[in-house]
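Have a look at protein_3.cif; it's mmCIF, C-alpha atoms and all ligand atoms:
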data_work
#
loop_
_atom_site.label_atom_id
_atom_site.label_comp_id
_atom_site.auth_asym_id
_atom_site.auth_seq_id
_atom_site.Cartn_x
_atom_site.Cartn_y
_atom_site.Cartn_z
CA MET T 1454 5.49 24.58 -2.82
CA GLU T 1455 2.58 22.64 -4.33
CA LEU T 1456 -0.34 22.18 -1.93
CA THR T 1457 -1.63 18.60 -1.99
CA PHE T 1458 -4.11 16.40 -0.13
CA ARG T 1459 -4.28 12.65 0.45
CA TRP T 1460 -7.21 10.77 -1.06
CA TYR T 1461 -7.83 7.07 -0.42
CA GLY T 1462 -9.74 6.45 -3.65
CA GLU T 1463 -13.42 5.92 -4.47
CA GLU T 1464 -14.22 4.49 -1.01
CA ASP T 1465 -12.84 7.62 0.69
CA PRO T 1466 -15.75 9.56 2.23
CA VAL T 1467 -13.72 12.69 1.42
CA LYS T 1468 -14.66 13.32 -2.18
CA LEU T 1469 -12.30 14.78 -4.79
CA GLU T 1470 -14.76 17.58 -5.43
CA TYR T 1471 -14.57 18.60 -1.73
CA ILE T 1472 -10.77 18.58 -1.92
CA ARG T 1473 -10.89 20.66 -5.10
CA GLN T 1474 -12.85 23.32 -3.20
CA ILE T 1475 -10.05 23.90 -0.66
CA PRO T 1476 -8.47 27.24 -1.66
CA GLY T 1477 -4.99 26.78 -3.18
CA MET T 1478 -5.30 23.00 -3.51
CA LYS T 1479 -3.43 21.76 -6.58
CA GLY T 1480 -2.58 18.07 -6.20
CA ILE T 1481 -3.63 14.69 -4.87
CA VAL T 1482 -1.56 12.15 -2.99
CA SER T 1483 -2.97 8.69 -3.51
CA ALA T 1484 -2.15 5.08 -4.32
CA ILE T 1485 -3.68 1.83 -5.51
CA TYR T 1486 -4.83 0.22 -2.30
CA ASP T 1487 -6.42 -3.05 -3.48
CA VAL T 1488 -3.35 -4.68 -5.03
CA PRO T 1489 -1.71 -7.06 -2.55
CA VAL T 1490 1.53 -5.70 -1.08
CA GLY T 1491 4.43 -6.81 -3.27
CA GLU T 1492 2.45 -7.28 -6.49
CA ALA T 1493 3.10 -4.97 -9.45
CA TRP T 1494 0.67 -2.16 -10.30
CA SER T 1495 -0.53 -2.21 -13.91
CA LEU T 1496 -0.22 0.81 -16.19
CA GLU T 1497 -3.96 0.55 -16.75
CA ARG T 1498 -4.81 0.91 -13.03
CA ILE T 1499 -2.34 3.78 -12.60
CA THR T 1500 -3.70 5.58 -15.65
CA LYS T 1501 -7.29 5.13 -14.43
CA LEU T 1502 -6.38 6.65 -11.03
CA LYS T 1503 -4.60 9.54 -12.73
CA HIS T 1504 -7.48 10.29 -15.10
CA THR T 1505 -10.05 10.17 -12.26
CA ILE T 1506 -8.05 12.76 -10.34
CA GLU T 1507 -7.39 14.94 -13.38
CA GLY T 1508 -11.10 14.79 -14.18
CA HIS T 1509 -11.63 16.81 -10.99
CA GLY T 1510 -9.19 19.52 -11.99
CA LEU T 1511 -6.42 18.17 -9.73
CA LYS T 1512 -3.02 16.62 -10.44
CA LEU T 1513 -1.80 13.21 -9.24
CA SER T 1514 1.26 14.70 -7.53
CA VAL T 1515 2.54 11.84 -5.35
CA ILE T 1516 1.99 8.14 -4.93
CA GLU T 1517 1.88 7.37 -1.22
CA SER T 1518 2.77 4.62 -0.85
CA VAL T 1519 4.24 1.87 -2.96
CA PRO T 1520 4.68 -0.46 0.01
CA VAL T 1521 7.91 -2.44 0.49
CA HIS T 1522 7.16 -6.15 0.97
CA GLU T 1523 8.25 -7.70 4.28
CA HIS T 1524 10.42 -10.29 2.47
CA ILE T 1525 12.50 -7.40 1.09
CA LYS T 1526 12.92 -5.91 4.55
CA LEU T 1527 13.70 -9.35 6.00
CA GLY T 1528 16.23 -10.05 3.24
CA LEU T 1529 14.63 -13.40 2.35
CA PRO T 1530 15.52 -15.08 -0.99
CA THR T 1531 11.95 -14.41 -2.17
CA ARG T 1532 12.77 -10.67 -2.09
CA GLU T 1533 13.98 -10.85 -5.71
CA ARG T 1534 10.43 -11.36 -7.02
CA TYR T 1535 9.10 -8.47 -4.97
CA ILE T 1536 11.96 -6.20 -6.03
CA ASP T 1537 11.24 -7.06 -9.67
CA ASN T 1538 7.58 -6.19 -9.08
CA TYR T 1539 8.56 -2.92 -7.40
CA LYS T 1540 10.64 -2.06 -10.47
CA GLU T 1541 7.72 -2.91 -12.79
CA THR T 1542 5.46 -0.61 -10.76
CA LEU T 1543 8.01 2.20 -11.05
CA ARG T 1544 8.30 1.67 -14.82
CA ASN T 1545 4.50 1.85 -15.14
CA LEU T 1546 4.34 4.97 -12.96
CA ALA T 1547 7.02 6.63 -15.10
CA GLN T 1548 5.10 5.72 -18.25
CA ALA T 1549 2.01 7.38 -16.70
CA GLU T 1550 4.21 10.41 -15.95
CA VAL T 1551 3.90 10.13 -12.17
CA ASP T 1552 7.26 11.13 -10.76
CA ILE T 1553 7.21 11.16 -6.94
CA VAL T 1554 6.80 8.01 -4.85
CA CYS T 1555 6.55 8.01 -1.06
CA TYR T 1556 7.34 4.80 0.81
CA ASN T 1557 8.54 3.74 4.21
CA VAL T 1558 10.70 0.97 5.66
CA MET T 1559 8.87 0.44 8.94
CA PRO T 1560 8.83 -3.32 9.67
CA VAL T 1561 5.42 -5.05 9.73
CA PHE T 1562 3.35 -2.09 10.90
CA ASP T 1563 3.04 1.34 9.45
CA TRP T 1564 2.41 4.35 11.71
CA THR T 1565 1.24 3.38 15.19
CA ARG T 1566 -0.82 5.05 17.91
CA SER T 1567 -2.19 3.85 21.24
CA ARG T 1568 -5.54 5.57 20.79
CA LEU T 1569 -7.42 6.96 17.79
CA ASP T 1570 -10.19 8.98 19.44
CA PHE T 1571 -8.67 10.83 22.39
CA PRO T 1572 -11.06 13.63 23.47
CA LEU T 1573 -9.55 17.12 23.64
CA ALA T 1574 -10.84 20.01 25.77
CA ASP T 1575 -12.71 21.47 22.77
CA ARG T 1576 -14.45 18.09 22.36
CA SER T 1577 -12.71 17.28 19.09
CA THR T 1578 -10.83 13.97 19.09
CA THR T 1579 -7.27 13.15 18.08
CA LEU T 1580 -4.67 10.40 17.77
CA ILE T 1581 -2.31 9.85 20.69
CA TYR T 1582 0.71 7.70 21.45
CA GLU T 1583 1.32 6.69 25.08
CA ASP T 1584 4.53 4.75 25.58
CA GLU T 1585 3.29 2.91 28.66
CA VAL T 1586 0.23 1.70 26.73
CA VAL T 1587 2.07 0.62 23.57
CA THR T 1588 4.74 -1.26 25.53
CA GLN T 1589 1.89 -3.30 27.10
CA MET T 1590 0.20 -3.96 23.74
CA ASP T 1591 0.45 -7.33 22.00
CA PRO T 1592 0.42 -6.33 18.32
CA VAL T 1593 -0.22 -9.89 17.24
CA THR T 1594 -3.31 -10.65 19.31
CA GLY T 1595 -4.26 -7.02 20.05
CA LYS T 1596 -7.35 -5.39 18.59
CA LEU T 1597 -5.70 -2.14 17.46
CA ARG T 1598 -5.52 -1.80 13.69
CA LEU T 1599 -4.50 1.47 12.04
CA PRO T 1600 -4.79 2.88 8.50
CA GLY T 1601 -1.70 1.84 6.59
CA TRP T 1602 -1.40 -1.44 8.48
CA ASP T 1603 -1.57 -4.47 6.20
CA THR T 1604 -4.42 -6.37 7.79
CA SER T 1605 -4.39 -9.20 5.27
CA TYR T 1606 -2.29 -11.47 7.49
CA LYS T 1607 -3.77 -14.93 7.95
CA ASP T 1608 -3.54 -16.96 11.16
CA GLY T 1609 0.05 -17.54 12.16
CA GLU T 1610 1.55 -15.23 9.53
CA LEU T 1611 2.05 -12.30 11.93
CA GLU T 1612 3.64 -14.59 14.52
CA LEU T 1613 6.01 -15.93 11.86
CA LEU T 1614 6.95 -12.40 10.78
CA PHE T 1615 7.75 -11.40 14.35
CA ALA T 1616 9.88 -14.53 14.80
CA GLN T 1617 11.78 -13.72 11.59
CA TYR T 1618 12.36 -10.11 12.64
CA HIS T 1619 13.54 -11.17 16.07
CA GLU T 1620 16.40 -13.01 14.36
CA LEU T 1621 17.60 -9.69 12.88
CA ASN T 1622 19.54 -7.02 14.71
CA GLU T 1623 19.53 -3.40 13.59
CA GLU T 1624 22.67 -3.80 11.47
CA ASP T 1625 21.17 -6.81 9.69
CA TYR T 1626 18.17 -4.57 8.93
CA TRP T 1627 20.40 -1.87 7.50
CA VAL T 1628 21.99 -4.45 5.20
CA ASN T 1629 18.60 -5.55 3.88
CA ILE T 1630 17.37 -1.99 3.36
CA ALA T 1631 20.65 -1.02 1.67
CA TYR T 1632 20.13 -3.89 -0.78
CA PHE T 1633 16.68 -2.54 -1.64
CA VAL T 1634 18.11 0.98 -2.15
CA GLY T 1635 20.90 -0.39 -4.34
CA GLU T 1636 18.39 -2.20 -6.52
CA ILE T 1637 15.72 0.51 -6.78
CA MET T 1638 17.46 3.89 -6.88
CA PRO T 1639 19.53 3.43 -10.07
CA LEU T 1640 16.30 2.55 -11.91
CA ALA T 1641 14.46 5.49 -10.29
CA ASP T 1642 17.29 7.78 -11.47
CA GLU T 1643 16.89 6.39 -14.98
CA LEU T 1644 13.09 6.81 -14.91
CA GLY T 1645 13.20 10.31 -13.40
CA ILE T 1646 11.19 9.21 -10.35
CA ARG T 1647 11.96 10.88 -7.03
CA MET T 1648 11.73 8.39 -4.15
CA ALA T 1649 10.70 9.98 -0.82
CA VAL T 1650 11.20 7.76 2.20
CA HIS T 1651 8.84 8.63 5.06
CA PRO T 1652 10.27 8.69 8.59
CA ASP T 1653 9.31 6.01 11.04
CA ASP T 1654 6.21 6.98 12.99
CA PRO T 1655 6.83 6.92 15.87
CA PRO T 1656 10.52 7.52 15.19
CA TRP T 1657 11.79 4.84 17.59
CA PRO T 1658 11.65 1.01 17.69
CA ILE T 1659 8.35 -0.52 18.83
CA PHE T 1660 7.24 -4.09 19.57
CA GLY T 1661 10.90 -5.17 19.51
CA LEU T 1662 11.08 -4.47 15.76
CA PRO T 1663 13.99 -2.54 14.19
CA ARG T 1664 13.12 1.01 13.20
CA ILE T 1665 16.02 2.86 11.60
CA LEU T 1666 14.69 6.18 10.24
CA GLY T 1667 13.81 8.51 13.10
CA LYS T 1668 16.87 10.74 13.61
CA GLU T 1669 18.98 13.03 11.43
CA ALA T 1670 22.07 10.82 11.64
CA GLN T 1671 20.01 7.86 10.45
CA PHE T 1672 18.75 9.84 7.46
CA GLU T 1673 22.31 10.94 6.68
CA ARG T 1674 23.34 7.26 6.66
CA TYR T 1675 20.32 6.25 4.61
CA LEU T 1676 20.68 9.03 2.01
CA ALA T 1677 24.40 8.27 1.67
CA LEU T 1678 23.51 4.76 0.43
CA HIS T 1679 22.96 6.13 -3.05
CA ASP T 1680 24.15 9.37 -4.60
CA GLY T 1681 21.55 10.12 -7.24
CA PRO T 1682 18.65 12.57 -7.77
CA SER T 1683 15.99 9.94 -7.03
CA HIS T 1684 17.09 9.11 -3.48
CA GLY T 1685 15.44 11.56 -1.08
CA MET T 1686 12.99 11.81 1.76
CA CYS T 1687 9.51 12.84 2.75
CA PHE T 1688 10.04 15.34 5.56
CA CYS T 1689 7.22 14.63 8.01
CA THR T 1690 7.16 17.23 10.79
CA GLY T 1691 4.74 15.18 12.88
CA SER T 1692 6.72 11.96 12.81
CA LEU T 1693 10.10 13.64 13.35
CA GLY T 1694 8.64 16.25 15.72
CA SER T 1695 7.51 13.62 18.22
CA ASP T 1696 11.19 13.26 19.19
CA PRO T 1697 12.16 16.61 20.78
CA ASP T 1698 15.84 15.89 20.02
CA ASN T 1699 15.14 16.40 16.30
CA ASP T 1700 16.00 19.93 15.14
CA LEU T 1701 13.40 20.13 12.39
CA PRO T 1702 14.25 23.53 10.80
CA GLY T 1703 17.95 22.63 10.91
CA MET T 1704 17.28 19.24 9.32
CA ILE T 1705 15.24 20.90 6.56
CA ARG T 1706 18.08 23.33 5.81
CA ARG T 1707 20.83 20.68 5.93
CA ILE T 1708 19.06 17.86 4.08
CA GLY T 1709 17.05 20.16 1.84
CA SER T 1710 20.08 22.18 0.72
CA GLU T 1711 21.29 18.97 -0.97
CA GLY T 1712 17.96 18.70 -2.81
CA ARG T 1713 17.07 15.55 -0.88
CA ILE T 1714 13.58 16.64 0.34
CA HIS T 1715 11.15 15.48 -2.35
CA PHE T 1716 7.89 15.70 -0.36
CA VAL T 1717 6.68 17.30 2.89
CA HIS T 1718 4.07 16.27 5.46
CA ALA T 1719 3.36 19.29 7.65
CA ARG T 1720 1.45 18.56 10.83
CA ASN T 1721 1.82 19.42 14.50
CA VAL T 1722 2.26 17.23 17.57
CA LYS T 1723 2.51 17.97 21.27
CA VAL T 1724 5.18 15.98 23.09
CA THR T 1725 3.52 14.81 26.32
CA GLY T 1726 6.37 12.76 27.82
CA HIS T 1727 9.18 10.34 26.95
CA HIS T 1728 8.12 8.58 23.73
CA SER T 1729 4.62 10.01 24.13
CA PHE T 1730 2.73 12.61 22.12
CA MET T 1731 -0.65 13.70 20.87
CA GLU T 1732 -1.52 15.00 17.44
CA THR T 1733 -2.90 18.55 17.50
CA ALA T 1734 -4.32 21.18 15.20
CA HIS T 1735 -1.69 22.54 12.81
CA LEU T 1736 -1.48 25.99 14.50
CA SER T 1737 1.97 26.35 16.09
CA GLU T 1738 0.68 27.31 19.53
CA GLU T 1739 -1.37 24.08 19.74
CA GLY T 1740 1.67 21.81 19.66
CA SER T 1741 5.44 21.45 20.01
CA VAL T 1742 6.30 22.22 16.38
CA ASP T 1743 6.78 25.83 15.27
CA MET T 1744 5.03 25.59 11.91
CA ALA T 1745 6.06 29.13 10.91
CA GLU T 1746 9.69 28.12 11.45
CA ILE T 1747 9.12 25.03 9.29
CA MET T 1748 7.74 27.13 6.43
CA CYS T 1749 10.62 29.64 6.81
CA ALA T 1750 13.13 26.79 6.52
CA LEU T 1751 11.33 25.39 3.46
CA SER T 1752 11.40 28.88 1.93
CA ASP T 1753 15.13 29.12 2.72
CA ILE T 1754 15.81 26.03 0.62
CA ARG T 1755 13.47 27.34 -2.10
CA TYR T 1756 11.34 24.21 -1.70
CA GLU T 1757 9.12 23.77 -4.77
CA GLY T 1758 7.79 20.28 -4.20
CA PRO T 1759 4.44 18.91 -2.93
CA LEU T 1760 3.34 19.40 0.67
CA ARG T 1761 0.32 17.92 2.41
CA SER T 1762 -1.22 18.74 5.79
CA ASP T 1763 -0.89 15.03 6.69
CA HIS T 1764 -3.28 14.21 9.58
CA GLY T 1765 -6.05 16.17 11.28
CA ARG T 1766 -8.25 15.86 14.34
CA MET T 1767 -11.90 14.86 13.99
CA ILE T 1768 -13.81 18.13 14.44
CA TRP T 1769 -17.37 19.43 13.85
CA GLY T 1770 -18.77 15.96 14.45
CA GLU T 1771 -16.95 14.42 11.48
CA THR T 1772 -16.33 10.68 11.51
CA GLY T 1773 -14.08 8.70 9.17
CA ARG T 1774 -10.59 7.25 8.70
CA PRO T 1775 -8.55 8.19 11.80
CA GLY T 1776 -6.39 11.23 11.05
CA TYR T 1777 -7.84 11.55 7.57
CA GLY T 1778 -11.05 13.52 7.98
CA LEU T 1779 -11.74 16.46 5.65
CA TYR T 1780 -12.30 19.43 7.91
CA ASP T 1781 -9.18 19.66 10.08
CA ARG T 1782 -6.86 18.65 7.25
CA ALA T 1783 -8.46 21.39 5.12
CA LEU T 1784 -8.03 23.95 7.93
CA GLY T 1785 -4.41 22.85 8.21
CA ALA T 1786 -3.82 23.10 4.46
CA VAL T 1787 -5.17 26.65 4.28
CA TYR T 1788 -3.14 27.68 7.36
CA LEU T 1789 0.06 26.27 5.90
CA ASN T 1790 -0.60 27.96 2.57
CA GLY T 1791 -1.15 31.26 4.38
CA LEU T 1792 2.16 30.88 6.19
CA TRP T 1793 3.83 30.08 2.88
CA GLU T 1794 2.36 33.14 1.15
CA ALA T 1795 3.52 35.45 3.95
CA VAL T 1796 6.99 33.95 4.28
CA THR T 1797 7.72 33.93 0.55
CA LYS T 1798 6.34 37.45 0.02
CA CYS T 1799 8.37 38.90 2.90
CA ARG T 1800 11.46 37.14 1.60
CA LYS T 1801 10.99 38.69 -1.85
CA GLN T 1802 10.54 42.14 -0.33
CA GLU T 1803 13.66 41.68 1.83
CA ALA T 1804 15.59 40.63 -1.27
CA ALA T 1805 14.31 43.66 -3.20
CA VAL T 1806 15.33 46.05 -0.40
CA ALA T 1807 18.72 44.38 -0.06
CA SER T 1808 19.39 44.68 -3.80
CA ARG T 1809 18.80 48.48 -3.85
O1 LIG L 1 2.58 8.73 10.01
C1 LIG L 1 2.55 9.68 9.22
O2 LIG L 1 2.98 10.83 9.43
C2 LIG L 1 2.01 9.42 7.91
O3 LIG L 1 2.07 10.27 7.05
C3 LIG L 1 1.45 8.07 7.68
C4 LIG L 1 1.33 7.83 6.23
O4 LIG L 1 -0.01 7.60 6.03
C5 LIG L 1 2.16 6.67 5.72
O5 LIG L 1 1.96 5.61 6.50
C6 LIG L 1 3.60 6.98 5.57
O6 LIG L 1 3.85 6.90 4.22
FE FE L 2 3.63 11.84 7.66
#

As C-alpha cells, the full file:
Amino acid sequence: MELTFRWYGEEDPVKLEYIRQIPGMKGIVSAIYDVPVGEAWSLERITKLKHTIEGHGLKLSVIESVPVHEHIKLGLPTRERYIDNYKETLRNLAQAEVDIVCYNVMPVFDWTRSRLDFPLADRSTTLIYEDEVVTQMDPVTGKLRLPGWDTSYKDGELELLFAQYHELNEEDYWVNIAYFVGEIMPLADELGIRMAVHPDDPPWPIFGLPRILGKEAQFERYLALHDGPSHGMCFCTGSLGSDPDNDLPGMIRRIGSEGRIHFVHARNVKVTGHHSFMETAHLSEEGSVDMAEIMCALSDIRYEGPLRSDHGRMIWGETGRPGYGLYDRALGAVYLNGLWEAVTKCRKQEAAVASR
C-alpha cells in the first residue's frame, strides 16, 4: 500500500512541505483544476505539476480527477469532442508517466452534503448528509456549493442540464456511460493507465438525477463493460459505507481479487438514519466502518496501490476547504498506516508459523 494525500495545488493552504512531514507519506493525489471541464490537459501543465510535487520529495501517484464532461454523460452529439480531449489528456499523462486516474460519473454535481460545518461534541466540525434536508434543497437556486462541484455554470445552464437529465432514465444513463467506457478503456489499456472510478457520494440518486455506482451489483455491471487491466475502481469506504447494505470487506475481497481496485479512499462515516450520515474521525469506534477490517481485507488481496485518508474533520481550530484540512487527514493517514503495519506484519508471522 502506498500512502498518499490529496493536494489542491498552489492555492491549497495545506503545503506540500507539511504533507511531506507526515510519517510514511509517499505520494500526492492531485489534478489540474483551472482547465475547463472537457478541455484537454497539456503535457506541459502535467509535467509542471509533477515536477513541483517531486521537488518536495513526493511522487505524483494519482490524478484525481480528470472530470467527465456532462455532454458525455448525457450522450449528446458534442460528446465526441470531449471524448477526444479526454483521450488527449490520457496520452499526455502517459507521456508524463502518470499511470492512475480517478474519475467519477456522478451527473452534474460531485459529492454532496447538507452541511459542511456540523459541530461535534468535542467541538470539532464535520460534514453531514441529512436526507430530509437534501430532498428539500433546490440545487439550482440553492446556496450550497461543495468542493468538486463545477461552479462555472452561467445563468440558465444548470436549469438546461437538469431538463436534459430529466429526459434520461437510468438505463439511458447506463448506455451513455458504457459508450464512454468503450471509447476510453481500450486506449487506457494501450497506455498502461489504470482508470479508477470513484463511487457515487452519496451512493444513491439525488435531485432526481441518475446515480448508478453505489452498490456492489452496480460495480459488477460497470466493471463487466470492459475486460482489460485499465478498467477498475477507487474503493471509497466513506462513500460506500454510508449505505449499510454494502459489505465493504466482502466487496474488497471479491472485486480486489480480480485486480480491479486501483486506488483506495479510507475514511469513516457514521450512519445516522435512512440515507443520512455524518463523517467522523477515521478511528473505527467513531463511526460505522470497521477500519481494521478494511485494512485486513486489503492485506488479504495483497493490495499494493495508493491509499489516501480522503476527508477529515476540522479540528484544532483549523479552517479551510471542507473535508480537506491538514490535521485530521494527517491523523487519519498515520492511523491507517499503523493498522497496515500491524496487519501485514501479523500476516507474515502467521505465514511463517504455518510454513514450519
Ligand atoms: O466523496 C468522496 O469520498 C471523495 O473522495 C470526493 C472526491 O473529492 C471526488 O469528488 C471523487 O473523485
Ligand atoms: Fe472518496

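For ligand FE 2 (chain L), the neighbouring polymer residues at 7 Å or closer are His1651, Cys1689, Gly1691, Ser1692, His1718 and Asp1763 of chain T, only C-alpha atoms and all ligand atoms being used.
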
field: Computed interatomic separation between atom CA of Pro1466 of chain T and atom CA of Asn1721 of chain T (Å)
entry: 23.6 Å

- request: Enumerate as a ChimeraX atom specification the residues within 9 Å of ligand LIG 1 (chain L), counting only C-alpha atoms and all ligand atoms.
  value: /T:1459,1517-1520,1555-1557,1559,1562-1565,1600-1602,1650-1655,1687,1689-1693,1718-1720,1763-1764,1776-1777

task: Find the spatial neighbours of Ala1734 of chain T, counting only C-alpha atoms, within a cut-off of 12 Å - ignore same-chain residues fewer than 6 positions away - and output them as number ranges by chain.
output: T: 1573, 1575, 1577-1580, 1691, 1719-1723, 1740-1742, 1744, 1762-1768, 1776, 1780-1786, 1788-1789

Go ahead and write the residues just picked, C-alpha atoms, as an mmCIF file, in the coordinates of the input.
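Wrote it out as result14.cif, contents follow:
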data_model
loop_
_atom_site.group_PDB
_atom_site.id
_atom_site.type_symbol
_atom_site.label_atom_id
_atom_site.label_comp_id
_atom_site.auth_asym_id
_atom_site.auth_seq_id
_atom_site.Cartn_x
_atom_site.Cartn_y
_atom_site.Cartn_z
ATOM 1 C CA LEU T 1573 -9.550 17.120 23.640
ATOM 2 C CA ASP T 1575 -12.710 21.470 22.770
ATOM 3 C CA SER T 1577 -12.710 17.280 19.090
ATOM 4 C CA THR T 1578 -10.830 13.970 19.090
ATOM 5 C CA THR T 1579 -7.270 13.150 18.080
ATOM 6 C CA LEU T 1580 -4.670 10.400 17.770
ATOM 7 C CA GLY T 1691 4.740 15.180 12.880
ATOM 8 C CA ALA T 1719 3.360 19.290 7.650
ATOM 9 C CA ARG T 1720 1.450 18.560 10.830
ATOM 10 C CA ASN T 1721 1.820 19.420 14.500
ATOM 11 C CA VAL T 1722 2.260 17.230 17.570
ATOM 12 C CA LYS T 1723 2.510 17.970 21.270
ATOM 13 C CA GLY T 1740 1.670 21.810 19.660
ATOM 14 C CA SER T 1741 5.440 21.450 20.010
ATOM 15 C CA VAL T 1742 6.300 22.220 16.380
ATOM 16 C CA MET T 1744 5.030 25.590 11.910
ATOM 17 C CA SER T 1762 -1.220 18.740 5.790
ATOM 18 C CA ASP T 1763 -0.890 15.030 6.690
ATOM 19 C CA HIS T 1764 -3.280 14.210 9.580
ATOM 20 C CA GLY T 1765 -6.050 16.170 11.280
ATOM 21 C CA ARG T 1766 -8.250 15.860 14.340
ATOM 22 C CA MET T 1767 -11.900 14.860 13.990
ATOM 23 C CA ILE T 1768 -13.810 18.130 14.440
ATOM 24 C CA GLY T 1776 -6.390 11.230 11.050
ATOM 25 C CA TYR T 1780 -12.300 19.430 7.910
ATOM 26 C CA ASP T 1781 -9.180 19.660 10.080
ATOM 27 C CA ARG T 1782 -6.860 18.650 7.250
ATOM 28 C CA ALA T 1783 -8.460 21.390 5.120
ATOM 29 C CA LEU T 1784 -8.030 23.950 7.930
ATOM 30 C CA GLY T 1785 -4.410 22.850 8.210
ATOM 31 C CA ALA T 1786 -3.820 23.100 4.460
ATOM 32 C CA TYR T 1788 -3.140 27.680 7.360
ATOM 33 C CA LEU T 1789 0.060 26.270 5.900
#

message: Please compute the atom CA of Phe1716 of chain T-atom CA of Trp1657 of chain T distance, one decimal, in Å.
response: 21.3 Å

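Between Glu1541 of chain T and the residues T:Arg1576, T:Leu1640, T:Val1554, T:Gln1617, the shortest atom-to-atom distance, using only C-alpha atoms, involves T:Leu1640.
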